[in-house]
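What follows is a single structure, written as structure tokens, with notes after it.
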Amino acid sequence: MHKKKTVSMVFMAALLVSLGLADISTAQKADSLDKKAEEIAAAAAVTSNHPEIPEGVSCNDCHTMTIDANTTATQVWLGGEYLGKAEGEGRMSDEQLWAEINKLLGGGKAGTKTYVLATSMNNRPLSTTAEWTFDPGRRMLYGVHEMNTEKLAHIKANPFVSLNWHDEYAGIDGPYRCCQIKGRCELLDGQHPDFEKILIEFAPYEDAATRMMPQNPTPEQREEVLTRVRETFKKRFLMSRITIDRITIVNKDFISKGFRNVQRWERANTGEKP
Ligand code: HEC
């Protein structure tokens, strides 16, 4: 209770400062709060003079965080001078890259994969595992989920998600295949006009119908059972539709084809920089 009060007081003070409404020199903790929280690099660390950071408050509540696009390790792997490649050398074209992504994640229903999903609510991250199917045409992922789980509460509060699919470690020689995704997630309920279409085209929902199927069903019997199962999904499940805004794939085998092992695609015009 006491802590909450302190947090809200700090915020109130910060708000008043930013609105220019308060003469902060009269406020408590004036000497730290009359200074502005400037833009900082994501790698910045606090010093011992830093104003107190209340519990549950993160750096980007006060600072705008910038990711230094030139010096992070990933940027070097993607385009810098690295492993005998000159700057900019060894990058795939978009077409080559999406062909590789499709090889890794594609395959329609049969290519459905278990991913680790990261979400965040109130600055508290959560990672969960679930299945998604890749749609190479729209560059989206679709998942079908039981209602009322923690991850869905997170997504409702904050649609920005990150996913990862990776091979298990197979030894020092790799191939270290993985993909890392940043995107925005919509939740569709059974009433949504796209729900059933996506279920039929992409979700391996037929697996859930096997136990209800009579032996050697006629085409009519099969369709009758599948329709019933789809109705159940519409009532009890939510569908996640994730628009991929950025995808990074890693595969050591790319090197033998003259490419870098790390390749990245980013969607232009995401509306907002995630
Ligand atoms: C409650 C708001 C708030 C939060 C949260 C916050 N800062 Fe700050 N930060 C400030 C203010 C205000 C200043 C300016 C203080 C000054 O100039 O004396 C500052 C200054 C800084 C500076 C400049 C040098 C210094 O240490 O004084 C760095 C670097 C910095 N912050 C990093 C961070 C990082 C990293 C985090 C997260 C771990 C963070 N800040 C969280 C408000 C905040």
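Following the order of the structure tokens, first chain is A, next is B, and so on, with residues numbered from 1 inside each chain and ligands from 1 in the order they appear.
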
List all protein, DNA and RNA residues that have an atom no more than 7 Å from any atom of ligand 1, counting only C-alpha atoms and all ligand atoms, and report them as a PDB file with C-alpha atoms, in the first residue's frame.
```pdb
ATOM      1  CA  VAL A  10       6.454   9.970  -8.387  1.00  0.00           C
ATOM      2  CA  SER A  32      16.241  14.434  -8.921  1.00  0.00           C
ATOM      3  CA  LEU A  33      12.928  15.203 -10.530  1.00  0.00           C
ATOM      4  CA  LYS A  35      15.926  16.996 -14.412  1.00  0.00           C
ATOM      5  CA  LYS A  36      14.393  15.443 -17.481  1.00  0.00           C
ATOM      6  CA  ALA A  37      14.642  11.762 -18.339  1.00  0.00           C
ATOM      7  CA  GLU A  38      16.430  11.987 -21.688  1.00  0.00           C
ATOM      8  CA  ILE A  40      18.722   6.551 -23.578  1.00  0.00           C
ATOM      9  CA  ALA A  44      22.380   2.079 -20.866  1.00  0.00           C
ATOM     10  CA  ALA A  45      22.835   1.303 -17.199  1.00  0.00           C
ATOM     11  CA  VAL A  46      21.866   3.388 -14.177  1.00  0.00           C
ATOM     12  CA  THR A  47      24.578   5.021 -12.115  1.00  0.00           C
ATOM     13  CA  SER A  48      24.572   5.481  -8.372  1.00  0.00           C
ATOM     14  CA  ASN A  49      23.241   9.070  -8.780  1.00  0.00           C
ATOM     15  CA  HIS A  50      20.213   7.876 -10.622  1.00  0.00           C
ATOM     16  CA  PRO A  51      16.846   8.889  -9.118  1.00  0.00           C
ATOM     17  CA  ILE A  53      13.281   3.662  -9.511  1.00  0.00           C
ATOM     18  CA  PRO A  54      10.036   2.506  -7.887  1.00  0.00           C
ATOM     19  CA  VAL A  57       8.405   0.782 -13.061  1.00  0.00           C
ATOM     20  CA  SER A  58      10.658   0.131 -16.022  1.00  0.00           C
ATOM     21  CA  CYS A  59      13.171   2.315 -17.845  1.00  0.00           C
ATOM     22  CA  ASN A  60      10.848   3.056 -20.743  1.00  0.00           C
ATOM     23  CA  ASP A  61       8.155   4.463 -18.440  1.00  0.00           C
ATOM     24  CA  CYS A  62      10.379   7.527 -18.054  1.00  0.00           C
ATOM     25  CA  HIS A  63      12.900   7.330 -20.893  1.00  0.00           C
TER      26      HIS A  63
END
```

Residues at most 10 Å from Arg260 of chain A, counting only C-alpha atoms, excluding those fewer than 5 positions away in the same chain, as a PyMOL selection string?
-> chain A and resi 77-79+82-85+88-92+250-255

Near segment 101-114 of chain A, 6 Å: segment 134-227 of chain A residue rows, closest pairs, only C-alpha atoms, as a tab-separated table:
```
residue	atom	partner	partner_atom	distance
A:Phe134	CA	A:Gly106	CA	5.6
A:Phe202	CA	A:Lys109	CA	5.2
A:Ala203	CA	A:Lys109	CA	5.8
A:Pro204	CA	A:Lys109	CA	5.3
```

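You can rank A:Thr74, A:Asp167, A:Asp173, A:Met239 by their closest distance to Lys197 of chain A using only C-alpha atoms, and at the top of that list sits A:Met239.
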
How would you write, as a PyMOL selection string, the set of residues in segment 79-202 of chain A that DSSP gives as strand (DSSP E)?
-> chain A and resi 113-121+124-135+140-146+160-166+178-188

Which of segment 74-190 of chain A counts as helix (DSSP H, G or I) under DSSP, as a PyMOL selection string please?
-> chain A and resi 74-79+94-105+108-111+150-157

Applying 10 Å and only C-alpha atoms, which residues near Ile67 of chain A remain after dropping the ones on its own chain fewer than 6 positions away? List them as a compact mmCIF listing (two decimals) with N, CA and C atoms, in the first residue's frame.
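See out-v2.txt below for the written result:
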```txt
# COMPACT_ATOMS: atom_id res chain seq x y z
N ILE A 40 17.55 7.36 -23.91
CA ILE A 40 18.72 6.55 -23.58
C ILE A 40 18.82 5.35 -24.51
N ALA A 41 20.02 4.83 -24.66
CA ALA A 41 20.20 3.61 -25.47
C ALA A 41 19.73 2.42 -24.65
N ALA A 42 19.24 1.40 -25.34
CA ALA A 42 18.72 0.22 -24.63
C ALA A 42 19.79 -0.41 -23.75
N ALA A 43 21.06 -0.22 -24.10
CA ALA A 43 22.14 -0.85 -23.34
C ALA A 43 22.57 0.00 -22.14
```
